[in-house]
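structure.cif follows (mmCIF, C-alpha atoms and all ligand atoms):
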```cif
data_upload
loop_
_atom_site.label_atom_id
_atom_site.label_comp_id
_atom_site.auth_asym_id
_atom_site.auth_seq_id
_atom_site.Cartn_x
_atom_site.Cartn_y
_atom_site.Cartn_z
CA MET A 124 86.64 106.83 72.51
CA ALA A 125 85.29 108.01 69.15
CA ASP A 126 82.24 110.26 69.09
CA ILE A 127 78.84 108.82 68.32
CA VAL A 128 76.64 111.42 66.70
CA GLU A 129 73.00 111.48 67.76
CA SER A 130 70.98 114.35 66.41
CA ARG A 131 67.73 115.32 64.80
CA GLU A 132 69.56 115.55 61.48
CA VAL A 133 70.76 111.96 61.81
CA SER A 134 67.20 110.75 62.52
CA ALA A 135 65.85 112.76 59.59
CA LEU A 136 68.51 111.49 57.16
CA LEU A 137 68.00 107.87 58.20
CA SER A 138 64.24 108.06 57.91
CA GLU A 139 64.48 109.78 54.51
CA LEU A 140 66.59 106.85 53.32
CA THR A 141 63.60 104.56 53.77
CA THR A 142 61.27 106.70 51.63
CA PRO A 143 60.85 105.87 47.91
CA ALA A 144 62.91 108.97 46.99
CA GLY A 145 65.68 108.05 49.44
CA ARG A 146 65.77 104.51 48.15
CA ALA A 147 65.85 105.71 44.54
CA ASP A 148 68.92 107.84 45.21
CA PRO A 149 70.52 107.26 48.61
CA TYR A 150 73.94 108.66 47.69
CA GLY A 151 73.38 112.30 48.72
CA HIS A 152 72.08 111.13 52.11
CA TYR A 153 75.08 108.89 52.53
CA THR A 154 77.45 111.79 51.82
CA ARG A 155 75.80 113.87 54.52
CA LEU A 156 75.90 110.97 57.01
CA ARG A 157 79.61 110.43 56.33
CA GLU A 158 80.24 114.11 56.98
CA LEU A 159 78.37 114.01 60.29
CA GLY A 160 80.66 111.39 61.81
CA ALA A 161 82.18 107.93 61.66
CA PHE A 162 79.43 106.52 63.91
CA VAL A 163 75.85 107.79 64.14
CA ARG A 164 73.04 106.38 66.24
CA ALA A 165 69.59 105.58 64.88
CA ASP A 166 66.48 106.21 67.00
CA ASP A 167 66.20 102.48 67.83
CA GLY A 168 69.75 102.47 69.24
CA THR A 169 71.43 100.79 66.27
CA LEU A 170 74.85 102.20 65.40
CA ILE A 171 75.27 103.13 61.75
CA VAL A 172 78.63 103.33 59.99
CA THR A 173 78.94 104.87 56.54
CA ARG A 174 82.68 105.45 56.00
CA PHE A 175 84.88 102.88 54.24
CA ALA A 176 87.45 102.20 56.98
CA GLU A 177 84.81 101.68 59.68
CA CYS A 178 82.55 99.56 57.44
CA ALA A 179 85.51 97.33 56.54
CA ALA A 180 86.50 97.04 60.21
CA VAL A 181 82.93 96.09 61.18
CA ALA A 182 82.73 93.43 58.44
CA ARG A 183 86.06 91.90 59.51
CA ASP A 184 85.70 91.91 63.29
CA HIS A 185 85.00 88.33 64.38
CA LYS A 186 83.42 89.46 67.64
CA LEU A 187 80.73 91.19 65.59
CA GLY A 188 78.49 88.50 64.13
CA LYS A 189 74.94 87.66 63.16
CA MET A 190 72.20 88.25 65.72
CA PRO A 191 72.10 85.11 67.92
CA VAL A 192 68.65 83.52 67.66
CA GLU A 193 68.15 83.88 71.43
CA LEU A 194 68.11 87.65 70.91
CA LEU A 195 65.47 87.47 68.20
CA ALA A 196 62.85 87.30 70.96
CA HIS A 197 63.83 90.84 72.05
CA ALA A 198 63.37 91.95 68.45
CA GLY A 199 59.79 90.62 68.60
CA LEU A 200 60.66 87.47 66.65
CA ALA A 201 60.40 84.76 69.31
CA ASP A 202 58.48 82.55 66.86
CA TRP A 203 61.08 82.89 64.05
CA ALA A 204 61.47 79.13 63.65
CA ASP A 205 57.76 78.79 62.79
CA HIS A 206 58.16 81.07 59.77
CA PRO A 207 59.77 79.24 56.82
CA ALA A 208 61.09 82.56 55.44
CA LEU A 209 62.91 83.39 58.68
CA TYR A 210 64.01 79.83 59.41
CA GLY A 211 65.64 79.58 55.97
CA TYR A 212 67.51 82.82 56.60
CA PHE A 213 68.46 82.66 60.28
CA THR A 214 69.77 79.08 60.03
CA SER A 215 71.73 79.77 56.81
CA LEU A 216 75.36 80.91 56.54
CA LEU A 217 74.03 84.47 56.40
CA GLY A 218 72.41 84.14 59.81
CA ILE A 219 74.79 82.05 61.91
CA ASN A 220 78.05 82.39 63.85
CA PRO A 221 81.08 80.18 64.51
CA PRO A 222 81.49 77.33 65.20
CA ASP A 223 78.40 76.37 63.11
CA HIS A 224 79.26 78.92 60.42
CA THR A 225 82.84 77.65 60.16
CA ARG A 226 81.71 74.05 59.75
CA LEU A 227 78.98 74.72 57.18
CA ARG A 228 81.09 77.15 55.17
CA ARG A 229 83.88 74.57 54.99
CA LEU A 230 81.48 71.87 53.81
CA VAL A 231 79.99 73.99 51.03
CA SER A 232 83.27 75.62 49.97
CA SER A 233 84.79 72.28 49.13
CA SER A 234 81.93 71.54 46.71
CA PHE A 235 81.33 75.06 45.37
CA THR A 236 84.87 75.49 44.07
CA ALA A 237 86.48 78.00 41.69
CA ARG A 238 86.95 75.09 39.28
CA ARG A 239 83.24 74.34 39.29
CA VAL A 240 82.50 78.02 38.57
CA GLN A 241 85.05 78.24 35.75
CA ALA A 242 83.59 75.07 34.24
CA LEU A 243 80.34 77.04 33.79
CA ARG A 244 82.01 79.54 31.41
CA PRO A 245 81.00 77.86 28.10
CA ALA A 246 77.40 77.32 29.31
CA THR A 247 77.28 80.94 30.53
CA GLU A 248 78.49 82.24 27.15
CA ARG A 249 75.88 80.15 25.37
CA MET A 250 73.07 81.35 27.65
CA ILE A 251 74.13 84.97 27.16
CA ASP A 252 74.04 84.60 23.38
CA GLU A 253 70.64 82.91 23.46
CA LEU A 254 69.15 85.66 25.62
CA ILE A 255 70.61 88.37 23.36
CA ASP A 256 69.16 86.57 20.30
CA GLU A 257 65.71 86.82 21.85
CA MET A 258 66.13 90.44 22.98
CA ASP A 259 65.22 92.17 19.77
CA GLY A 260 63.43 95.52 19.55
CA ALA A 261 61.88 96.74 22.81
CA ALA A 262 62.31 94.68 25.97
CA ASP A 263 62.29 94.79 29.75
CA PHE A 264 65.97 94.17 30.45
CA VAL A 265 65.21 92.62 33.86
CA ALA A 266 62.70 90.08 32.50
CA ALA A 267 64.57 89.44 29.25
CA PHE A 268 68.15 89.24 30.51
CA ALA A 269 69.12 90.31 34.03
CA PHE A 270 66.83 87.79 35.74
CA PRO A 271 67.05 84.76 33.45
CA LEU A 272 70.86 84.82 33.14
CA PRO A 273 71.80 84.39 36.82
CA CYS A 274 68.75 82.22 37.41
CA ASN A 275 69.82 79.92 34.57
CA VAL A 276 73.47 79.87 35.66
CA ILE A 277 72.76 79.02 39.30
CA SER A 278 70.11 76.52 38.16
CA GLU A 279 72.64 74.93 35.82
CA LEU A 280 75.11 74.72 38.68
CA LEU A 281 72.59 73.17 41.07
CA GLY A 282 71.01 70.96 38.40
CA ILE A 283 67.53 72.56 38.12
CA PRO A 284 66.08 71.70 34.69
CA PRO A 285 65.33 74.62 32.27
CA ALA A 286 61.55 74.10 32.28
CA ASP A 287 61.36 74.65 36.06
CA ARG A 288 63.39 77.88 36.30
CA ALA A 289 60.99 80.74 35.48
CA GLN A 290 58.79 80.35 38.58
CA PHE A 291 61.61 81.32 40.92
CA GLN A 292 61.87 85.08 40.31
CA HIS A 293 58.73 85.97 42.23
CA LEU A 294 59.26 83.30 44.85
CA VAL A 295 62.76 84.56 45.66
CA GLN A 296 61.69 88.23 45.51
CA ASP A 297 58.83 87.61 47.93
CA TRP A 298 61.12 85.66 50.23
CA SER A 299 63.98 88.17 50.25
CA ALA A 300 61.62 91.01 51.20
CA VAL A 301 62.33 89.92 54.82
CA LEU A 302 65.83 91.38 54.42
CA ASP A 303 64.28 94.85 54.46
CA ASP A 304 61.34 94.61 56.73
CA ILE A 305 59.79 91.82 58.80
CA THR A 306 56.08 92.64 59.04
CA PRO A 307 53.03 90.31 59.06
CA GLU A 308 52.25 91.49 55.52
CA VAL A 309 55.77 90.71 54.23
CA LEU A 310 55.70 87.33 56.00
CA SER A 311 52.34 86.43 54.50
CA LYS A 312 54.02 86.30 51.07
CA ALA A 313 57.54 85.36 52.17
CA ASN A 314 56.54 82.19 54.07
CA PRO A 315 54.73 80.38 51.25
CA ALA A 316 57.51 81.45 48.85
CA ALA A 317 60.29 80.06 51.09
CA LYS A 318 58.28 76.88 51.63
CA ALA A 319 57.78 76.37 47.89
CA VAL A 320 61.51 76.82 47.17
CA ARG A 321 62.44 74.38 49.95
CA GLU A 322 59.95 71.75 48.79
CA TYR A 323 61.26 72.01 45.24
CA LEU A 324 64.86 71.60 46.42
CA ALA A 325 63.90 68.65 48.67
CA ALA A 326 62.47 66.82 45.65
CA LEU A 327 65.60 67.63 43.62
CA ALA A 328 67.89 66.40 46.42
CA ALA A 329 65.93 63.13 46.68
CA GLU A 330 66.22 62.64 42.93
CA ARG A 331 70.00 63.25 42.98
CA ARG A 332 70.45 60.84 45.85
CA ARG A 333 68.83 58.18 43.67
CA ARG A 334 70.65 59.17 40.47
CA PRO A 335 73.69 61.42 41.07
CA ARG A 336 74.89 63.68 38.24
CA GLU A 337 77.73 66.15 37.80
CA ASP A 338 75.87 69.08 39.38
CA LEU A 339 76.38 70.86 42.72
CA MET A 340 73.25 69.33 44.27
CA SER A 341 74.69 65.85 43.65
CA ALA A 342 78.01 67.01 45.13
CA LEU A 343 76.26 68.43 48.21
CA VAL A 344 74.16 65.31 48.89
CA GLY A 345 77.15 63.02 48.46
CA HIS A 346 79.81 65.17 50.04
CA GLU A 347 81.53 64.01 53.18
CA GLU A 348 84.60 65.58 54.69
CA ALA A 349 86.56 64.26 57.65
CA GLY A 350 83.53 62.16 58.62
CA ASP A 351 81.22 65.17 58.52
CA ARG A 352 78.36 65.89 56.13
CA LEU A 353 75.37 68.18 55.77
CA THR A 354 72.16 66.97 57.42
CA GLU A 355 69.01 67.05 55.24
CA ASP A 356 67.89 70.25 56.98
CA GLU A 357 71.30 71.91 56.47
CA LEU A 358 71.42 70.77 52.86
CA LEU A 359 68.04 72.33 52.01
CA THR A 360 68.88 75.56 53.80
CA MET A 361 72.24 75.74 52.00
CA ALA A 362 70.79 75.03 48.56
CA GLY A 363 68.00 77.56 49.21
CA LEU A 364 70.55 80.20 50.18
CA LEU A 365 72.77 79.55 47.15
CA PHE A 366 69.76 79.72 44.93
CA ALA A 367 68.27 82.88 46.44
CA ALA A 368 71.60 84.69 46.91
CA GLY A 369 72.70 83.43 43.52
CA PHE A 370 70.45 85.40 41.29
CA GLU A 371 68.70 88.32 42.91
CA THR A 372 71.93 90.14 43.63
CA THR A 373 73.44 89.32 40.24
CA THR A 374 70.23 90.42 38.49
CA ASN A 375 70.75 93.80 40.09
CA LEU A 376 74.45 93.95 39.21
CA LEU A 377 73.43 93.47 35.57
CA ALA A 378 70.63 96.06 35.71
CA ASN A 379 72.50 98.71 37.74
CA GLY A 380 75.63 98.10 35.67
CA LEU A 381 73.77 98.47 32.39
CA VAL A 382 72.28 101.81 33.47
CA ALA A 383 75.72 103.08 34.51
CA LEU A 384 77.28 101.96 31.23
CA LEU A 385 74.52 103.53 29.15
CA GLU A 386 74.92 106.79 31.06
CA HIS A 387 78.66 106.78 30.31
CA PRO A 388 78.97 105.74 26.64
CA GLU A 389 82.41 107.36 26.39
CA GLN A 390 83.79 104.60 28.65
CA ARG A 391 82.66 101.72 26.42
CA PRO A 392 86.23 101.06 25.10
CA ASP A 393 87.44 100.64 28.69
CA LEU A 394 84.83 97.96 29.28
CA VAL A 395 86.10 95.97 26.31
CA ALA A 396 89.75 96.55 27.22
CA ASP A 397 89.42 95.17 30.76
CA PRO A 398 86.01 93.68 31.61
CA ALA A 399 87.17 92.39 35.02
CA SER A 400 88.30 95.80 36.23
CA ALA A 401 85.21 97.43 34.70
CA VAL A 402 82.90 95.08 36.61
CA GLN A 403 84.76 95.82 39.87
CA GLU A 404 84.09 99.51 39.25
CA LEU A 405 80.41 98.93 38.42
CA LEU A 406 80.09 97.01 41.69
CA ARG A 407 81.68 99.90 43.57
CA TYR A 408 79.67 102.59 41.84
CA ASP A 409 76.17 101.18 42.42
CA SER A 410 76.22 98.07 44.56
CA PRO A 411 73.33 95.57 44.47
CA VAL A 412 73.70 95.11 48.26
CA GLN A 413 73.79 98.41 50.14
CA ASN A 414 74.23 97.37 53.75
CA ILE A 415 75.16 94.49 56.05
CA ASP A 416 74.21 94.10 59.68
CA ARG A 417 76.04 92.77 62.71
CA THR A 418 75.42 92.19 66.41
CA ALA A 419 78.20 92.24 69.00
CA LEU A 420 78.75 88.69 70.28
CA GLU A 421 81.48 89.65 72.77
CA PRO A 422 82.79 92.98 74.02
CA THR A 423 84.95 94.53 71.30
CA THR A 424 86.32 97.88 70.22
CA VAL A 425 86.15 98.90 66.58
CA ALA A 426 87.68 102.16 65.37
CA GLY A 427 87.59 103.57 68.89
CA VAL A 428 84.01 102.56 69.74
CA THR A 429 83.34 99.85 72.30
CA PHE A 430 80.51 97.42 71.69
CA GLU A 431 78.80 95.29 74.33
CA PRO A 432 77.15 91.92 73.55
CA GLY A 433 73.79 92.51 71.87
CA ASP A 434 74.68 95.94 70.41
CA ARG A 435 73.47 96.23 66.81
CA ILE A 436 75.48 97.77 63.96
CA VAL A 437 74.56 98.37 60.34
CA ALA A 438 77.42 99.04 57.91
CA TYR A 439 76.27 100.95 54.84
CA THR A 440 78.68 99.40 52.38
CA GLY A 441 76.97 101.22 49.49
CA SER A 442 78.05 104.45 51.19
CA ALA A 443 81.55 103.17 52.01
CA ASN A 444 82.05 102.55 48.30
CA ARG A 445 81.52 106.29 47.70
CA ASP A 446 83.78 107.49 50.52
CA ALA A 447 86.29 110.07 49.25
CA ARG A 448 88.68 109.01 52.04
CA ARG A 449 89.09 105.73 50.11
CA PHE A 450 88.25 106.48 46.46
CA PRO A 451 89.26 109.77 44.82
CA ASP A 452 86.31 111.51 43.12
CA PRO A 453 84.05 108.69 44.35
CA ASP A 454 80.80 109.77 42.66
CA ARG A 455 82.43 109.44 39.25
CA LEU A 456 82.20 106.15 37.38
CA ASP A 457 85.71 105.47 36.10
CA LEU A 458 86.14 102.08 34.48
CA ARG A 459 89.89 102.71 34.41
CA ARG A 460 90.08 103.30 38.16
CA GLY A 461 92.78 100.86 39.14
CA ASP A 462 92.35 100.52 42.85
CA ASN A 463 88.63 99.84 43.06
CA THR A 464 88.09 96.84 45.33
CA SER A 465 84.91 97.77 47.14
CA LEU A 466 82.83 96.34 49.97
CA SER A 467 80.04 95.20 47.63
CA PHE A 468 80.69 91.53 48.45
CA GLY A 469 81.10 92.27 52.17
CA GLY A 470 84.24 91.23 54.04
CA GLY A 471 85.54 88.93 56.75
CA MET A 472 84.10 85.48 57.40
CA HIS A 473 80.79 86.17 55.62
CA TYR A 474 82.51 87.40 52.43
CA CYS A 475 80.28 86.47 49.50
CA LEU A 476 80.70 82.86 48.48
CA GLY A 477 79.34 83.56 45.01
CA ALA A 478 81.55 86.53 44.09
CA PRO A 479 83.53 84.64 41.39
CA MET A 480 80.30 83.46 39.80
CA ALA A 481 78.64 86.88 39.77
CA LYS A 482 81.78 88.43 38.30
CA LEU A 483 82.08 85.73 35.64
CA GLU A 484 78.53 86.41 34.42
CA ALA A 485 78.91 90.20 34.31
CA GLU A 486 82.36 90.12 32.71
CA ILE A 487 81.05 88.05 29.81
CA ALA A 488 77.61 89.68 29.58
CA PHE A 489 78.40 93.41 29.31
CA PRO A 490 80.95 93.34 26.45
CA ARG A 491 78.83 90.79 24.57
CA LEU A 492 75.66 92.89 24.96
CA PHE A 493 77.28 95.99 23.47
CA GLU A 494 79.04 94.03 20.75
CA ARG A 495 75.84 92.36 19.59
CA ARG A 496 73.37 95.20 20.35
CA PRO A 497 75.36 98.41 19.75
CA GLY A 498 72.12 100.44 19.64
CA LEU A 499 71.10 99.38 23.16
CA GLY A 500 69.49 102.28 25.04
CA LEU A 501 67.17 103.01 27.98
CA ALA A 502 63.46 103.55 27.38
CA ALA A 503 60.85 105.18 29.62
CA GLY A 504 59.09 103.31 32.44
CA ALA A 505 61.89 102.02 34.72
CA GLN A 506 60.65 100.88 38.12
CA ARG A 507 63.08 100.70 41.01
CA ARG A 508 62.96 97.85 43.45
CA ASP A 509 61.48 99.37 46.62
CA SER A 510 64.28 98.32 48.92
CA LEU A 511 67.30 99.95 50.47
CA THR A 512 69.26 96.77 51.20
CA ILE A 513 68.83 95.24 47.74
CA ARG A 514 69.37 98.00 45.18
CA GLY A 515 68.10 97.39 41.68
CA PHE A 516 65.14 97.45 39.34
CA ASP A 517 61.90 95.51 39.05
CA VAL A 518 61.43 96.75 35.49
CA LEU A 519 64.05 98.31 33.18
CA PRO A 520 62.71 98.99 29.68
CA VAL A 521 65.32 99.14 26.91
CA VAL A 522 65.42 99.38 23.14
CA THR A 523 67.96 97.32 21.28
CA GLN A 524 68.28 99.49 18.15
C1 LIG A 601 76.66 90.85 42.35
C2 LIG A 601 76.24 89.80 42.99
C3 LIG A 601 76.36 89.58 44.46
C4 LIG A 601 76.52 90.49 45.48
C5 LIG A 601 76.60 92.01 45.38
C6 LIG A 601 76.59 89.74 46.72
C7 LIG A 601 76.77 90.30 47.97
C8 LIG A 601 76.96 89.59 49.13
C9 LIG A 601 77.29 90.19 50.41
C10 LIG A 601 77.43 91.68 50.69
C11 LIG A 601 77.44 89.18 51.30
C12 LIG A 601 77.84 89.31 52.78
C13 LIG A 601 76.69 89.54 53.71
C14 LIG A 601 77.12 89.83 55.13
O1 LIG A 601 78.30 90.05 55.42
O2 LIG A 601 76.25 89.87 56.00
C15 LIG A 601 77.18 87.94 50.60
C16 LIG A 601 77.21 86.69 51.17
C17 LIG A 601 76.88 85.55 50.49
N1 LIG A 601 76.66 85.42 49.13
FE1 LIG A 601 76.66 86.89 47.76
N2 LIG A 601 76.46 88.41 46.44
C18 LIG A 601 76.33 88.26 45.07
C19 LIG A 601 76.20 87.08 44.36
C20 LIG A 601 76.15 85.83 44.93
C21 LIG A 601 76.03 84.59 44.20
C22 LIG A 601 76.01 84.47 42.69
C23 LIG A 601 75.97 83.60 45.14
C24 LIG A 601 75.84 82.11 45.00
C25 LIG A 601 75.80 81.43 43.95
C26 LIG A 601 76.10 84.22 46.44
C27 LIG A 601 76.10 83.54 47.64
C28 LIG A 601 76.39 84.11 48.86
C29 LIG A 601 76.44 83.33 50.10
C30 LIG A 601 76.21 81.85 50.24
C31 LIG A 601 76.76 84.25 51.11
C32 LIG A 601 76.91 83.94 52.60
C33 LIG A 601 78.33 83.71 52.94
C34 LIG A 601 78.55 83.58 54.43
O3 LIG A 601 77.77 84.11 55.22
O4 LIG A 601 79.52 82.91 54.80
N3 LIG A 601 76.20 85.58 46.27
N4 LIG A 601 76.92 88.21 49.26
#
```
Structure encoded using structure tokens:
Amino acid sequence: MADIVESREVSALLSELTTPAGRADPYGHYTRLRELGAFVRADDGTLIVTRFAECAAVARDHKLGKMPVELLAHAGLADWADHPALYGYFTSLLGINPPDHTRLRRLVSSSFTARRVQALRPATERMIDELIDEMDGAADFVAAFAFPLPCNVISELLGIPPADRAQFQHLVQDWSAVLDDITPEVLSKANPAAKAVREYLAALAAERRRRPREDLMSALVGHEEAGDRLTEDELLTMAGLLFAAGFETTTNLLANGLVALLEHPEQRPDLVADPASAVQELLRYDSPVQNIDRTALEPTTVAGVTFEPGDRIVAYTGSANRDARRFPDPDRLDLRRGDNTSLSFGGGMHYCLGAPMAKLEAEIAFPRLFERRPGLGLAAGAQRRDSLTIRGFDVLPVVTQ
């Protein structure tokens, strides 16, 4: 049986992580937590893992899943289904367990294929060039590039027309605040946002049923496999998840990645030489998603620790990516690091469905940005997103010459 560390230092480190300073730079805290032990216990009983091997084992163990909705009552969320923001999350792939997860993931995977993503390459290149054309002089990189690119790409995929796209940044930001903290204040913004996104997607689905096109929404409404298809409720939850997961995280990959690249100008040639490997390293170095949570569904033992049904675990994947047991000199960005597959897209059955799409965007965007705007640099006034789970920026001022 592995040791579980419970101490005042653990409590202090974990609570510091939720302060603005801890969120701005969690990496020193993570290092200390990794040194304290493979498993530490938070004051509310949750087990926290911060080392690579244990985080990977937690992500891959099928007996560790998403919190069953019956248990949400114990977490003070008995009325979850009445909140559109929670309903859209807890009934999505990100909130459910087999066999429902297996069925829904199979249905969406056969429409959201690698071929469909690769087919977006020319449109993605065109969008990147258009955004760079407009980014001249001083700009907020988030508003001018990192938000519109993934929003436009996922909108293109789903079939959302250009004129409708801009409204979604704030809606999705307000909605995804529930990933960090579920309070009445957060819900008061998250619920109307989730409702607005769902209503928009319902109208789009109805339109595509009448007049199908080549887009993913048309594929999802028409798709049937082995006599099975998505219900209307499942379809709207799935489209909402793809849409929300599709750009917030990628926005932050672009913003975090840009900062890392600007802080390491000497590595620019390595980016051009191998963009795919460079993007893998940027994902490892400063991941847009810093942790994933699990609840034990059945008794199981992971890395020497036994879990009983209902036990909660949070795997700090952002910390695992900086674990020296896995990556030599982990706090150093090294675009030539060969073996750099990180846990930024999770692992196991919930492994990110959009990973190929996020990578495609970043692999084209970064080399193109530096080729076309060689004078790109950071300017004063950056504002970090106040979140530990989603790591990124709300505002990132840059100059382009
Ligand atoms: C850099 C960008 C991205 C990052 C860092 C990221 C990260 C993640 C992570 C860590 C998970 C696993 C969560 C867990 O295990 O609890 C996940 C799942 C998921 N992601 Fe992403 N993601 C990104 C982009 C995207 C994009 C572009 C899409 C869609 C177009 C997407 C769709 C999804 C979906 C649908 C799931 C749920 C899969 C499941 O539960 O079976 N993601 N993502």
Neighbours of region 173-175 of chain A within 6 Å (only C-alpha atoms; same-chain residues fewer than 5 positions away dropped), as a PyMOL selection string? chain A and resi 157+439+442-443+446
Write out as a PDB file with C-alpha atoms, in the coordinates of the input the residues lying within 12 Å of Thr464 (chain A), counting only C-alpha atoms and excluding same-chain residues fewer than 4 positions away.
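Generated file (part-v3.pdb):
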```pdb
ATOM      1  CA  PHE A 175      84.880 102.880  54.240  1.00  0.00           C
ATOM      2  CA  ALA A 179      85.510  97.330  56.540  1.00  0.00           C
ATOM      3  CA  ALA A 399      87.170  92.390  35.020  1.00  0.00           C
ATOM      4  CA  SER A 400      88.300  95.800  36.230  1.00  0.00           C
ATOM      5  CA  ALA A 401      85.210  97.430  34.700  1.00  0.00           C
ATOM      6  CA  VAL A 402      82.900  95.080  36.610  1.00  0.00           C
ATOM      7  CA  GLN A 403      84.760  95.820  39.870  1.00  0.00           C
ATOM      8  CA  GLU A 404      84.090  99.510  39.250  1.00  0.00           C
ATOM      9  CA  LEU A 405      80.410  98.930  38.420  1.00  0.00           C
ATOM     10  CA  LEU A 406      80.090  97.010  41.690  1.00  0.00           C
ATOM     11  CA  ARG A 407      81.680  99.900  43.570  1.00  0.00           C
ATOM     12  CA  TYR A 408      79.670 102.590  41.840  1.00  0.00           C
ATOM     13  CA  SER A 410      76.220  98.070  44.560  1.00  0.00           C
ATOM     14  CA  ALA A 443      81.550 103.170  52.010  1.00  0.00           C
ATOM     15  CA  ASN A 444      82.050 102.550  48.300  1.00  0.00           C
ATOM     16  CA  ARG A 445      81.520 106.290  47.700  1.00  0.00           C
ATOM     17  CA  ARG A 449      89.090 105.730  50.110  1.00  0.00           C
ATOM     18  CA  PHE A 450      88.250 106.480  46.460  1.00  0.00           C
ATOM     19  CA  ARG A 460      90.080 103.300  38.160  1.00  0.00           C
ATOM     20  CA  PHE A 468      80.690  91.530  48.450  1.00  0.00           C
ATOM     21  CA  GLY A 469      81.100  92.270  52.170  1.00  0.00           C
ATOM     22  CA  GLY A 470      84.240  91.230  54.040  1.00  0.00           C
TER      23      GLY A 470
END
```
Option closest in space to ligand LIG 601 (chain A), from A:Thr360, A:Asn375, A:Ser465, A:Gln506 [counting all atoms listed in the file]: A:Asn375
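With all atoms listed in the file as the atoms that count, the residue of A:His185, A:Leu140, A:Ala246, A:Ala165 with the shortest distance to Val425 (chain A) is A:His185.
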To one decimal in Å, tell me the separation between CA of Glu330 (chain A) and CA of Leu358 (chain A). 13.8 Å
I'd like the contact shell of Leu187 (chain A) - 7 Å cut-off, only C-alpha atoms, skipping same-chain residues fewer than 5 positions apart - returned as a list in words.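 Listed by chain and then number, they are Val181, Arg417, Thr418, Ala419 and Leu420 of chain A.
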So, with only C-alpha atoms and all ligand atoms as the atoms that count, which of A:Arg226, A:His346, A:Arg332, A:Arg496 lies closest to ligand LIG 601 (chain A)?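 Of A:Arg226, A:His346, A:Arg332, A:Arg496, the one nearest ligand LIG 601 (chain A) is A:Arg226, counting only C-alpha atoms and all ligand atoms.
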A straight line from CA of Arg391 (chain A) to CA of Pro490 (chain A) spans 8.6 Å
Compare A:Ala201, A:Ala313, A:Leu353, A:Ile277 by their minimum atom-to-atom distance to Val301 (chain A), counting all atoms listed in the file, and give me the closest one.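 Among the listed residues, A:Ala313 lies closest to Val301 (chain A).
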Exercise: Met361 (chain A) partners within 10 Å, all atoms listed in the file, chain neighbours under 5 positions left out, as a PyMOL selection string: chain A and resi 211-212+214-217+227-228+231+343+353+355-356+366-367
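CA of Asn379 (chain A) lies 19.0 Å from CA of His152 (chain A).
The closest residue to ligand LIG 601 (chain A), picked from A:Ser467, A:Thr225, A:Asn275, A:Thr141 and counting all atoms listed in the file, is A:Ser467.
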Just want the 8 Å neighbourhood of Ala208 (chain A), counted on only C-alpha atoms, with same-chain residues fewer than 5 positions away dropped. Output as a ChimeraX atom specification. /A:298,301,310,313-318
